[in-house]
Structures are given as structure tokens and as C-alpha cells.
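Here is the file target32.tsv (TSV, C-alpha atoms and all ligand atoms).
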chain	number	residue	atom	x	y	z
P	1	MET	CA	-9.88	-12.45	-11.22
P	2	THR	CA	-8.90	-9.67	-13.57
P	3	ILE	CA	-6.74	-6.65	-13.19
P	4	THR	CA	-7.97	-3.58	-15.02
P	5	THR	CA	-4.99	-2.71	-17.17
P	6	ARG	CA	-5.24	0.67	-18.73
P	7	PRO	CA	-2.70	2.80	-20.63
P	8	PHE	CA	-2.74	6.51	-19.89
P	9	THR	CA	-3.92	8.59	-22.83
P	10	LYS	CA	-1.72	11.36	-24.17
P	11	ILE	CA	-4.12	13.93	-22.76
P	12	GLU	CA	-3.90	12.33	-19.31
P	13	LEU	CA	-0.10	12.22	-19.42
P	14	ASP	CA	0.09	15.85	-20.49
P	15	ALA	CA	-2.22	16.85	-17.63
P	16	LEU	CA	-0.06	14.93	-15.13
P	17	THR	CA	3.03	16.66	-16.46
P	18	ASP	CA	1.47	20.14	-16.41
P	19	LEU	CA	0.04	19.80	-12.90
P	20	SER	CA	3.26	18.35	-11.52
P	21	GLU	CA	5.24	21.26	-13.02
P	22	GLU	CA	2.86	23.68	-11.46
P	23	LEU	CA	2.93	22.09	-7.99
P	24	ALA	CA	6.72	21.81	-8.12
P	25	GLY	CA	6.75	25.58	-8.39
P	26	HIS	CA	5.09	25.85	-4.99
P	27	PHE	CA	6.40	22.88	-2.99
P	28	ASP	CA	9.87	21.38	-2.58
P	29	SER	CA	8.55	18.17	-0.99
P	30	CYS	CA	5.41	16.03	-1.02
P	31	GLU	CA	5.71	15.32	2.69
P	32	SER	CA	3.47	17.93	4.27
P	33	GLU	CA	-0.19	18.34	4.99
P	34	GLU	CA	-0.19	21.54	2.93
P	35	PHE	CA	1.15	19.69	-0.09
P	36	ALA	CA	-1.32	16.84	0.36
P	37	ASN	CA	-4.23	19.28	0.48
P	38	ALA	CA	-2.96	21.11	-2.59
P	39	VAL	CA	-2.46	17.93	-4.60
P	40	GLY	CA	-5.95	16.77	-3.63
P	41	GLN	CA	-7.31	19.99	-5.13
P	42	ALA	CA	-5.09	19.66	-8.19
P	43	ALA	CA	-6.24	16.08	-8.85
P	44	LEU	CA	-9.76	17.46	-9.39
P	45	MET	CA	-8.35	19.08	-12.52
P	46	LEU	CA	-7.13	15.82	-14.02
P	47	PRO	CA	-9.07	14.68	-17.11
P	48	LEU	CA	-12.58	13.31	-16.58
P	49	SER	CA	-11.49	9.93	-17.99
P	50	LEU	CA	-9.17	9.39	-15.01
P	51	ARG	CA	-11.68	10.62	-12.48
P	52	GLN	CA	-14.28	8.26	-13.94
P	53	LEU	CA	-11.88	5.35	-13.65
P	54	ALA	CA	-11.35	6.21	-9.98
P	55	TYR	CA	-15.09	6.49	-9.48
P	56	ASP	CA	-15.67	3.01	-10.90
P	57	PHE	CA	-12.95	1.69	-8.62
P	58	ARG	CA	-14.69	3.18	-5.62
P	59	ILE	CA	-18.25	2.07	-6.32
P	60	GLY	CA	-18.01	-0.68	-8.89
P	61	LYS	CA	-17.27	-4.31	-8.37
P	62	GLU	CA	-15.11	-5.03	-11.37
P	63	LYS	CA	-12.23	-2.63	-11.04
P	64	ARG	CA	-10.70	-3.44	-7.69
P	65	ILE	CA	-7.15	-3.52	-8.94
P	66	ILE	CA	-5.99	-1.07	-11.57
P	67	LEU	CA	-2.72	-1.08	-13.45
P	68	LEU	CA	-1.99	2.24	-15.13
P	69	GLN	CA	0.65	2.05	-17.82
P	70	GLY	CA	2.60	4.22	-20.20
P	71	MET	CA	4.12	7.00	-18.12
P	72	ALA	CA	7.74	6.68	-19.09
P	73	ILE	CA	10.57	7.12	-16.61
P	74	ASP	CA	13.88	7.83	-18.27
P	75	GLU	CA	16.34	5.38	-16.71
P	76	ALA	CA	19.26	7.42	-18.03
P	77	THR	CA	18.34	10.47	-15.97
P	78	LEU	CA	16.78	8.77	-12.92
P	79	MET	CA	18.93	9.17	-9.80
P	80	PRO	CA	20.50	6.05	-8.27
P	81	THR	CA	18.18	3.97	-6.11
P	82	PRO	CA	18.75	5.07	-2.51
P	83	ASP	CA	20.36	2.57	-0.17
P	84	SER	CA	17.44	2.28	2.19
P	85	TRP	CA	13.93	3.42	3.03
P	86	ASP	CA	15.47	6.11	5.27
P	87	HIS	CA	16.18	8.46	2.39
P	88	ALA	CA	15.81	12.24	2.68
P	89	TRP	CA	12.19	13.38	2.70
P	90	ARG	CA	13.08	16.26	0.42
P	91	GLU	CA	14.67	14.94	-2.75
P	92	PRO	CA	14.57	17.40	-5.66
P	93	ARG	CA	15.71	14.75	-8.15
P	94	ILE	CA	12.46	12.84	-7.89
P	95	LEU	CA	10.07	15.55	-6.75
P	96	LYS	CA	8.10	15.60	-10.01
P	97	LEU	CA	7.74	11.81	-9.98
P	98	GLU	CA	6.47	11.97	-6.42
P	99	ILE	CA	3.98	14.66	-7.39
P	100	ARG	CA	2.65	12.49	-10.22
P	101	HIS	CA	2.28	9.64	-7.78
P	102	ALA	CA	0.44	11.97	-5.42
P	103	LEU	CA	-1.84	13.16	-8.23
P	104	VAL	CA	-2.75	9.64	-9.29
P	105	ALA	CA	-3.29	8.52	-5.68
P	106	SER	CA	-5.45	11.57	-4.92
P	107	LEU	CA	-7.90	10.51	-7.63
P	108	PHE	CA	-8.85	7.63	-5.35
P	109	GLY	CA	-9.05	9.44	-2.02
P	110	ASP	CA	-6.81	11.31	0.40
P	111	ILE	CA	-3.22	10.35	1.05
P	112	PHE	CA	-2.08	9.75	4.62
P	113	GLY	CA	0.75	8.25	6.68
P	114	TRP	CA	1.10	6.39	9.97
P	115	HIS	CA	2.68	8.06	12.94
P	116	THR	CA	4.34	4.78	13.94
P	117	GLN	CA	5.59	3.95	10.47
P	118	GLU	CA	8.43	6.20	9.37
P	119	ASN	CA	7.11	9.10	11.39
P	120	GLY	CA	4.08	9.60	9.16
P	121	ARG	CA	5.87	9.66	5.82
P	122	PHE	CA	3.37	9.48	2.93
P	123	PHE	CA	5.59	8.20	0.13
P	124	ARG	CA	7.53	5.23	1.41
P	125	HIS	CA	10.52	3.84	-0.38
P	126	VAL	CA	10.23	0.11	-1.03
P	127	ILE	CA	13.86	-0.87	-1.56
P	128	PRO	CA	15.62	-4.16	-0.87
P	129	HIS	CA	18.15	-4.16	1.96
P	130	PRO	CA	20.64	-6.98	2.67
P	131	LYS	CA	19.95	-6.80	6.41
P	132	ASP	CA	16.22	-7.41	5.87
P	133	GLU	CA	16.46	-10.12	3.21
P	134	ALA	CA	14.51	-12.72	5.18
P	135	GLU	CA	12.05	-10.28	6.77
P	136	GLN	CA	8.34	-9.85	6.06
P	137	LEU	CA	9.01	-6.26	5.03
P	138	GLY	CA	9.07	-4.32	1.79
P	139	SER	CA	12.87	-4.42	2.09
P	140	GLY	CA	12.89	-8.25	2.18
P	141	SER	CA	13.69	-10.35	-0.89
P	142	SER	CA	14.90	-13.92	-0.26
P	143	VAL	CA	11.50	-15.00	1.08
P	144	ASP	CA	8.07	-14.40	-0.43
P	145	LEU	CA	6.50	-11.31	1.08
P	146	GLU	CA	3.35	-13.13	2.12
P	147	TRP	CA	0.21	-11.56	0.73
P	148	HIS	CA	-1.62	-9.24	3.11
P	149	ASN	CA	-3.83	-6.22	3.53
P	150	GLU	CA	-1.78	-3.20	4.47
P	151	GLU	CA	-2.16	-2.60	8.23
P	152	ALA	CA	-4.62	-5.49	8.47
P	153	PHE	CA	-4.32	-5.20	12.25
P	154	HIS	CA	-5.57	-1.62	12.32
P	155	PRO	CA	-9.25	-0.58	12.29
P	156	ALA	CA	-8.33	2.54	10.27
P	157	ARG	CA	-6.28	0.74	7.62
P	158	ALA	CA	-6.08	2.33	4.16
P	159	ASP	CA	-9.02	1.92	1.80
P	160	SER	CA	-6.54	1.58	-0.99
P	161	ILE	CA	-2.86	1.89	-1.71
P	162	ALA	CA	-1.05	3.15	-4.78
P	163	LEU	CA	2.27	1.62	-5.73
P	164	MET	CA	4.48	3.34	-8.25
P	165	CYS	CA	7.42	1.58	-9.85
P	166	TYR	CA	10.64	3.51	-10.44
P	167	ARG	CA	12.89	0.54	-11.20
P	168	ASN	CA	12.41	-3.20	-11.47
P	169	LEU	CA	15.24	-4.61	-13.55
P	170	GLU	CA	14.99	-7.77	-11.46
P	171	GLN	CA	11.44	-8.19	-12.76
P	172	ALA	CA	10.25	-8.99	-9.24
P	173	VAL	CA	6.67	-10.16	-9.14
P	174	THR	CA	3.95	-8.38	-7.17
P	175	THR	CA	0.94	-10.59	-6.42
P	176	VAL	CA	-2.72	-9.63	-5.98
P	177	CYS	CA	-6.03	-11.33	-5.28
P	178	THR	CA	-9.54	-9.99	-4.66
P	179	ALA	CA	-11.88	-11.40	-2.02
P	180	SER	CA	-14.76	-11.75	-4.48
P	181	SER	CA	-12.75	-14.23	-6.56
P	182	LEU	CA	-12.48	-16.72	-3.69
P	183	LYS	CA	-14.55	-19.92	-3.59
P	184	LEU	CA	-14.86	-21.18	-0.02
P	185	SER	CA	-16.93	-23.84	1.70
P	186	ASP	CA	-20.05	-22.63	3.54
P	187	GLU	CA	-18.57	-23.89	6.77
P	188	ALA	CA	-15.35	-21.92	6.32
P	189	VAL	CA	-17.26	-18.73	5.40
P	190	LYS	CA	-19.38	-19.06	8.53
P	191	ILE	CA	-16.32	-19.33	10.74
P	192	LEU	CA	-14.33	-16.66	8.90
P	193	ARG	CA	-17.19	-14.25	9.60
P	194	GLN	CA	-16.80	-14.73	13.34
P	195	PRO	CA	-14.28	-12.86	15.56
P	196	ARG	CA	-11.93	-15.80	15.98
P	197	PHE	CA	-8.75	-14.35	14.45
P	198	VAL	CA	-6.04	-12.21	15.92
P	199	ILE	CA	-3.87	-9.91	13.78
P	200	VAL	CA	-1.00	-8.06	15.43
P	201	PRO	CA	0.96	-5.04	14.14
P	202	ASP	CA	3.52	-5.96	11.50
P	203	LYS	CA	7.18	-5.15	11.98
P	204	SER	CA	7.07	-1.86	10.10
P	205	HIS	CA	5.19	-0.36	13.07
P	206	ARG	CA	7.65	-1.50	15.70
P	207	PRO	CA	10.36	0.65	17.28
P	208	ASP	CA	13.21	-1.53	15.97
P	209	PHE	CA	12.25	-0.89	12.38
P	210	ASN	CA	11.69	2.81	12.91
P	211	LYS	CA	15.21	3.93	13.64
P	212	SER	CA	16.03	6.83	11.40
P	213	SER	CA	18.87	9.27	10.97
P	214	GLN	CA	16.30	11.99	10.26
P	215	TRP	CA	13.77	11.77	13.10
P	216	GLN	CA	13.12	9.97	16.33
P	217	LEU	CA	9.98	8.40	17.74
P	218	SER	CA	9.72	7.73	21.45
P	219	ALA	CA	8.42	4.70	23.33
P	220	GLU	CA	5.32	6.76	24.09
P	221	ASP	CA	4.51	7.01	20.39
P	222	PHE	CA	4.20	3.23	20.23
P	223	GLN	CA	1.76	2.86	23.13
P	224	ARG	CA	-1.26	2.16	20.94
P	225	ILE	CA	0.74	-0.32	18.86
P	226	GLU	CA	2.01	-1.95	22.04
P	227	LYS	CA	-1.54	-2.40	23.22
P	228	MET	CA	-2.55	-3.90	19.89
P	229	LEU	CA	0.35	-6.33	20.29
P	230	THR	CA	-0.32	-7.37	23.86
P	231	GLN	CA	-4.11	-7.11	24.05
P	232	PRO	CA	-5.36	-7.71	20.51
P	233	ASP	CA	-9.09	-7.97	19.83
P	234	PRO	CA	-10.08	-11.07	17.85
P	235	GLN	CA	-11.66	-10.07	14.54
P	236	PRO	CA	-13.50	-11.76	11.69
P	237	VAL	CA	-11.60	-12.29	8.45
P	238	LEU	CA	-14.66	-11.74	6.24
P	239	THR	CA	-17.34	-9.09	6.67
P	240	GLY	CA	-19.90	-7.35	4.46
P	241	PRO	CA	-21.95	-8.58	1.50
P	242	SER	CA	-21.49	-12.25	0.68
P	243	ASP	CA	-21.03	-11.61	-3.04
P	244	ASP	CA	-18.52	-8.80	-2.49
P	245	PRO	CA	-16.95	-9.26	0.93
P	246	PHE	CA	-14.39	-7.28	2.84
P	247	LEU	CA	-11.29	-9.20	3.72
P	248	ARG	CA	-9.00	-8.59	6.68
P	249	ILE	CA	-6.02	-10.89	6.69
P	250	ASP	CA	-2.25	-10.98	7.14
P	251	PRO	CA	-1.14	-14.60	7.65
P	252	ALA	CA	2.43	-13.66	8.63
P	253	PHE	CA	1.17	-11.69	11.62
P	254	MET	CA	-2.00	-13.53	12.63
P	255	TYR	CA	-3.39	-16.65	14.26
P	256	ALA	CA	-6.73	-18.34	14.78
P	257	ILE	CA	-7.88	-18.71	18.37
P	258	ASP	CA	-9.19	-22.29	18.11
P	259	PRO	CA	-8.62	-25.37	15.91
P	260	GLU	CA	-11.83	-24.92	13.90
P	261	ALA	CA	-10.90	-21.33	13.08
P	262	GLU	CA	-7.41	-22.52	12.23
P	263	GLN	CA	-8.87	-24.93	9.68
P	264	ALA	CA	-10.93	-22.16	8.09
P	265	LEU	CA	-7.86	-19.92	7.94
P	266	LYS	CA	-5.97	-22.73	6.25
P	267	GLU	CA	-8.73	-23.07	3.66
P	268	ILE	CA	-8.79	-19.38	2.77
P	269	LYS	CA	-4.99	-19.25	2.61
P	270	ALA	CA	-4.90	-22.12	0.13
P	271	GLU	CA	-7.68	-20.53	-1.90
P	272	VAL	CA	-5.91	-17.16	-2.09
P	273	ASP	CA	-2.68	-18.92	-3.07
P	274	SER	CA	-4.48	-20.62	-5.93
P	275	LYS	CA	-6.10	-17.39	-7.19
P	276	LEU	CA	-3.11	-15.03	-6.91
P	277	VAL	CA	-2.37	-13.06	-10.04
P	278	ASP	CA	1.19	-11.97	-10.86
P	279	VAL	CA	2.08	-8.46	-11.97
P	280	VAL	CA	5.58	-7.41	-12.93
P	281	LEU	CA	5.58	-3.67	-12.56
P	282	GLN	CA	7.64	-1.62	-14.99
P	283	PRO	CA	9.08	1.87	-14.44
P	284	GLY	CA	6.37	4.53	-14.52
P	285	GLU	CA	3.53	2.09	-13.84
P	286	PHE	CA	1.04	2.48	-11.04
P	287	LEU	CA	-0.80	-0.31	-9.29
P	288	VAL	CA	-3.83	0.85	-7.33
P	289	ILE	CA	-5.10	-1.82	-4.96
P	290	ASP	CA	-8.33	-1.94	-2.99
P	291	ASN	CA	-6.95	-2.67	0.46
P	292	LEU	CA	-10.30	-3.60	2.02
P	293	ARG	CA	-11.34	-6.19	-0.53
P	294	SER	CA	-8.09	-7.59	-1.78
P	295	VAL	CA	-4.62	-8.66	-0.75
P	296	HIS	CA	-1.22	-8.14	-2.31
P	297	GLY	CA	2.27	-9.51	-1.78
P	298	ARG	CA	5.53	-10.07	-3.62
P	299	ARG	CA	7.33	-13.21	-4.66
P	300	ARG	CA	10.92	-13.75	-3.60
P	301	TYR	CA	13.56	-12.35	-5.94
P	302	LYS	CA	17.25	-11.68	-6.13
P	303	PRO	CA	18.01	-7.97	-5.83
P	304	GLN	CA	20.75	-6.42	-7.91
P	305	TYR	CA	22.13	-4.42	-5.03
P	306	GLY	CA	23.66	-1.21	-6.33
P	307	ALA	CA	22.54	1.97	-8.03
P	308	GLN	CA	19.91	0.23	-10.15
P	309	LYS	CA	18.30	-2.01	-7.56
P	310	ARG	CA	14.55	-2.36	-7.42
P	311	TRP	CA	12.77	0.80	-6.34
P	312	MET	CA	9.07	1.09	-5.64
P	313	ARG	CA	7.12	3.77	-3.84
P	314	ARG	CA	3.93	3.28	-1.89
P	315	VAL	CA	1.28	5.57	-0.47
P	316	ASN	CA	-1.83	5.00	1.67
P	317	ILE	CA	-5.20	6.33	0.59
P	318	ALA	CA	-8.33	6.92	2.69
P	319	VAL	CA	-11.75	7.72	1.26
P	320	ASP	CA	-12.56	9.33	4.61
P	321	LEU	CA	-9.67	10.79	6.61
P	322	ALA	CA	-11.82	10.57	9.74
P	323	LYS	CA	-12.14	6.81	9.13
P	324	GLY	CA	-15.44	6.74	10.98
P	325	GLY	CA	-13.65	7.68	14.20
P	326	GLN	CA	-11.40	4.60	14.14
P	327	ASN	CA	-8.14	6.52	13.90
P	328	ILE	CA	-6.37	9.01	16.07
P	329	TRP	CA	-4.79	12.03	14.40
P	330	VAL	CA	-1.38	13.13	15.54
P	331	GLY	CA	-0.72	16.76	14.65
P	332	SER	CA	-2.30	16.53	11.21
P	333	ARG	CA	-5.42	14.82	9.94
P	334	ARG	CA	-3.20	12.92	7.52
P	335	ARG	CA	-1.11	11.32	10.25
P	336	PHE	CA	-2.88	8.34	11.80
P	337	LEU	CA	-2.01	6.59	15.03
Z	401	LIG	O1	7.28	-4.83	-3.50
Z	401	LIG	C1	6.13	-4.98	-3.90
Z	401	LIG	O2	5.86	-5.20	-5.08
Z	401	LIG	C2	4.99	-4.88	-2.94
Z	401	LIG	C3	5.47	-4.66	-1.56
Z	401	LIG	C4	4.36	-4.40	-0.59
Z	401	LIG	O3	3.66	-5.26	-0.14
Z	401	LIG	C5	4.11	-3.04	-0.19
Z	401	LIG	O4	4.88	-2.15	-0.52
Z	401	LIG	O5	3.10	-2.82	0.50
Z	402	FE	FE	2.15	-4.40	1.24
Take the structure I supplied and represent it as C-alpha cells, if you would.
Ligand SMILES: O=C(O)CCC(=O)C(=O)O
Ligand SMILES: [Fe+2]
Amino acid sequence: MTITTRPFTKIELDALTDLSEELAGHFDSCESEEFANAVGQAALMLPLSLRQLAYDFRIGKEKRIILLQGMAIDEATLMPTPDSWDHAWREPRILKLEIRHALVASLFGDIFGWHTQENGRFFRHVIPHPKDEAEQLGSGSSVDLEWHNEEAFHPARADSIALMCYRNLEQAVTTVCTASSLKLSDEAVKILRQPRFVIVPDKSHRPDFNKSSQWQLSAEDFQRIEKMLTQPDPQPVLTGPSDDPFLRIDPAFMYAIDPEAEQALKEIKAEVDSKLVDVVLQPGEFLVIDNLRSVHGRRRYKPQYGAQKRWMRRVNIAVDLAKGGQNIWVGSRRRFL
């Protein structure tokens, strides 16, 4: 499996800078539908070379995971890493970085957030927290963050996600693997294509992990999640063309409903483990991941808690905000339930 590693050209970097300056003149935060619509329009003005790369990602088979390099972040002037994911939504010190992230992400589709995950925030902070060390969360660290599709449990999960690295002095390793690189027995494929697997909502969509000093969700907001937890529909792990399948899997939050299915799940888990590719993201780099046809995770690491601890950002991307009718919009068409 290969990752498409690609440095930005000078022309591309200049365009990202110019457009982010311009948008920063009109918006003081990236966290609004108005901003998201405006950045979607602005991304159409990015150089053709970037739009062609995004096009290949969307329709081609080769470029399912793209690493974009060469956009420097000046460590000397970057603000301290916030202490947790619950950082202010409006943060002037990183606004232009967030806008660049939004521009890059918008090449690949439309950005959106989840109502039950940080109240619909688009640009999540992925920051280690001592309290969550052993959790299967972005804020974990002492255990491997098991590879997964983002929101594997949800029928309207993102088509792709865009990670942007702000800081990674710890050199923590992000892992990726595409479905088309897997070699599985015919028997396992047959079973994995049947609805014999249950995936429940991960912890980031639960009330306990959505306690913020800035906003409050009510028990009512979590009703759909609650239903997905208590009455989950068994699903297949593999769907679509056999030479380029879709993959829906999140081992930490799933189980097989019978021993045969369990065996098949074991086989695919071992196969993904053996094909995982490591990426150590550096400041200013973007990793765009096809979330329907690949998985990603992160190996355990030791955070340097303090002002320079690891700091990643992540945003969801949909090619179709209507998601074929699988999602429910809350207030805005970029806030999925
Ligand atoms: O920390 C990383 O490198 C990846 C974390 C992750 O899985 C995510 O943010 O979705
Ligand atoms: Fe993830």
C-alpha cells in the first residue's frame, strides 16, 4: 500500500496564504456554516494542480491517502498547545492555520461536524490529556489508538477526513491502511460481506465525553446515539466492488454476532495489522484519508505534557452533505445527527 506523498508547490502555498488572508478579513472563526460555505467557494480558486489531486483522490484507485508536505509552521510564534479539546472555538492566534486547513479539506468535499461530538465543531483539537491516557480517544496515548474508520457505526460517516499537524515533537506515529491492499481468504470475504457485525458509537459521541465549559448538550440530543447503542443493526464489514471494496470497521467498538463471523473478523484484523503503514506527521503537514475505503489509527506514545505537547486538528469531509438521506441535519446542513 502506498501513501501519495506530495510537497506543495510554491504557487500552491502562495494561493493558500492569499486566500487565508482574505477570508480572515471576513471571518473571526471557522466554526460557522457561513464560513464553511465561503471557504468551499474559495477552495475553487486554489490552483488547478491541487484540484486535480483531489479529483484523483475522489475517483481514482491509487490515491486513497494523501500526505501534503511543505507548509511550514513557525514553532517560535505558534501559541502553546491548549490543555484540552475544549478550547475556545474562536482563537485568533491560529485562525489563519485553521483557514488553510479548511481550504485544503474543502478541495475534497464539504466540511461538517457531528451534533453529538463537541456540539458540531468542525475543527477538533486532537490533544493528549492525562485523564484519557488509556482511552480509545484522540486524547489517549498510553495505549494504541486502534485503527478504525471515523464514525464507523454511523451510516452517514465522513467520506474522508483531513488531519493537520500543528506539533508532534513526540514523533507519535499515525497508522493507515487501505481496504484494497488486504489479502483475505474467500471464506472470510464471503462472511465479511454479510450483516453479521455490530458497531456501536465510540466514546466521543457519548454524554460523558461531551462535557464542555462552552456549551451544553442535553440527554435528548443523544437519543439517536442511544438507540444505536442499545438497538444496533448488524452490518457487513465489506461492501462494494471486490477489487476496490468499502470497509466499515472499528474493532474497539464492535463485535461479531456468531463464532464464524468472529473468525472472519479476526482474520481481517490480523491482515490490517500486517499491512499498516506508519506516518509521522510534522508541523504543517496534512493527511487526507479516505474514510470509506481505509482505516487509520495511532500508535501509543509518551506525551510531553506542557506547552509543546502534541497537537493535531481533524475535520470531517462529505462529498454529499445530504449523504443520500442517511443523516439528520440539526440547524445547519453541516451539522449531522
Ligand atoms: O492522532 C492521530 O494521529 C490520529 C488520531 C485519530 O484517529 C483521529 O484524530 O481521528
Ligand atoms: Fe480517528
Shell of 6 Å around ligand LIG 401 (chain Z) (only C-alpha atoms and all ligand atoms), written as a tab-separated table (two decimals) with C-alpha atoms, in the frame of the given file:
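Saved to pocket10.tsv:
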chain	number	residue	atom	x	y	z
P	126	VAL	CA	10.23	0.11	-1.03
P	138	GLY	CA	9.07	-4.32	1.79
P	174	THR	CA	3.95	-8.38	-7.17
P	297	GLY	CA	2.27	-9.51	-1.78
P	298	ARG	CA	5.53	-10.07	-3.62
P	314	ARG	CA	3.93	3.28	-1.89
Problem set entry | For P:Phe222, the nearest of the candidates P:Leu97, P:Ala152, P:Leu337, P:Ala256, counting all atoms listed in the file |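 The shortest atom-to-atom distance to P:Phe222 comes from P:Leu337.
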Do you have, as a Markdown table, the list of residues of chain P lying at most 8 Å from ligand FE 402 (chain Z), each with its nearest atom pair and that distance in Å to one decimal, counting only C-alpha atoms and all ligand atoms and ordered by chain then number?
| residue | atom | partner | partner_atom | distance |
| --- | --- | --- | --- | --- |
| P:Gly138 | CA | Z:FE402 | FE | 6.9 |
| P:Trp147 | CA | Z:FE402 | FE | 7.4 |
| P:His148 | CA | Z:FE402 | FE | 6.4 |
| P:Asn149 | CA | Z:FE402 | FE | 6.7 |
| P:Glu150 | CA | Z:FE402 | FE | 5.2 |
| P:His296 | CA | Z:FE402 | FE | 6.2 |
| P:Gly297 | CA | Z:FE402 | FE | 5.9 |
Write the residues you've just listed into a file as a short mmCIF file (atom, residue, chain, number, x, y, z; two decimals), keeping the file's coordinate frame, and include C-alpha atoms for each of them.
data_model
loop_
_atom_site.label_atom_id
_atom_site.label_comp_id
_atom_site.auth_asym_id
_atom_site.auth_seq_id
_atom_site.Cartn_x
_atom_site.Cartn_y
_atom_site.Cartn_z
CA GLY P 138 9.07 -4.32 1.79
CA TRP P 147 0.21 -11.56 0.73
CA HIS P 148 -1.62 -9.24 3.11
CA ASN P 149 -3.83 -6.22 3.53
CA GLU P 150 -1.78 -3.20 4.47
CA HIS P 296 -1.22 -8.14 -2.31
CA GLY P 297 2.27 -9.51 -1.78
#
Exercise. Hey, what's within 12 Å of P:Ile65 if we count all atoms listed in the file and toss same-chain stuff fewer than 5 positions away? As JSON, numbers by chain, please?
Worked result: {"P": [1, 2, 3, 4, 5, 6, 53, 54, 56, 57, 58, 60, 108, 160, 161, 162, 163, 175, 176, 177, 178, 179, 277, 279, 286, 287, 288, 289, 290, 291, 292, 293, 294, 295, 296]}
For this session: Determine the nearest neighbour of P:Gly109 from the options P:Lys302, P:His26, P:His87, P:Arg51, counting only C-alpha atoms.
Result: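 Result for the nearest residue to P:Gly109: P:Arg51.
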For this session: Give me the residues within 9 Å of P:Lys131 as a PyMOL selection string, counting all atoms listed in the file and dropping any in the same chain fewer than 4 places off.
Result: chain P and resi 135+139-140
Exercise. Is there a way to get, as a PyMOL selection string, all residues within 12 Å of the point (11.6, -5.3, 3.0) in file coordinates, counting all atoms listed in the file?
Worked result: chain P and resi 84-85+124-146+202-204+209+297-301+303+310-312
Exercise. Looking at all atoms listed in the file, which of P:Asp244, P:Pro195, P:Tyr305, P:Leu217 is the one that sits closest to P:Asp258?
Worked result: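 The shortest atom-to-atom distance to P:Asp258 comes from P:Pro195.
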For this session: Counting all atoms listed in the file, figure out which residue out of P:Asp28, P:Asp208, P:Glu33, P:Glu271 gets nearest to P:Arg333.
Result: P:Glu33
For this session: Record the distance separating atom CA of P:Thr81 and atom CA of P:Gln214, expressed in Å with one decimal.
Result: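 We find that atom CA of P:Thr81 and atom CA of P:Gln214 lie 18.3 Å from each other.
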Exercise. In terms of the shortest atom-to-atom distance over all atoms listed in the file, which of P:Ile328, P:Ala264, P:Ile317, P:Val200 is closest to P:Lys227?
Worked result: P:Val200
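Remark: for P:Ile225, the closest of the candidate residues P:Lys190, P:Arg100, P:His115, P:Lys275 is P:His115 (distances computed over all atoms listed in the file).
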For this session: Work out how far atom CA of P:Pro234 is from atom CA of P:Val198, in Å to one decimal.
Result: 4.6 Å
Exercise. Hey, can you pull every residue with an atom no more than 12 Å from (-4.6, 12.1, 11.4), using only C-alpha atoms, and send it as a list in words?
Worked result: Glu33, Asp110, Ile111, Phe112, Gly113, Trp114, His115, Thr116, Gly120, Phe122, Ala156, Ala318, Asp320, Leu321, Ala322, Lys323, Gly325, Gln326, Asn327, Ile328, Trp329, Val330, Gly331, Ser332, Arg333, Arg334, Arg335, Phe336 and Leu337 of chain P
Nearby residues (all atoms listed in the file) at most 10 Å from P:Glu226, same-chain spacing under 6 positions excluded, as a PDB file with C-alpha atoms, in the frame of the given file:
ATOM      1  CA  VAL P 200      -1.000  -8.060  15.430  1.00  0.00           C
ATOM      2  CA  PRO P 201       0.960  -5.040  14.140  1.00  0.00           C
ATOM      3  CA  HIS P 205       5.190  -0.360  13.070  1.00  0.00           C
ATOM      4  CA  ARG P 206       7.650  -1.500  15.700  1.00  0.00           C
ATOM      5  CA  PRO P 207      10.360   0.650  17.280  1.00  0.00           C
ATOM      6  CA  ALA P 219       8.420   4.700  23.330  1.00  0.00           C
ATOM      7  CA  GLU P 220       5.320   6.760  24.090  1.00  0.00           C
ATOM      8  CA  PRO P 232      -5.360  -7.710  20.510  1.00  0.00           C
TER       9      PRO P 232
END
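Atom CA of P:Asn316 to atom CA of P:Lys183 spans 28.5 Å [interatomic distance, one decimal].
Residues with any atom within 9 Å of P:Ile199, counting only C-alpha atoms and excluding same-chain neighbours fewer than 2 positions away, are P:Ala152, P:Phe153, P:His154, P:Phe197, P:Pro201, P:Asp202, P:Met228, P:Leu229, P:Pro232, P:Asp233, P:Pro234, P:Gln235, P:Arg248, P:Ile249, P:Asp250, P:Pro251, P:Ala252, P:Phe253, P:Met254, P:Tyr255, P:Ala256.
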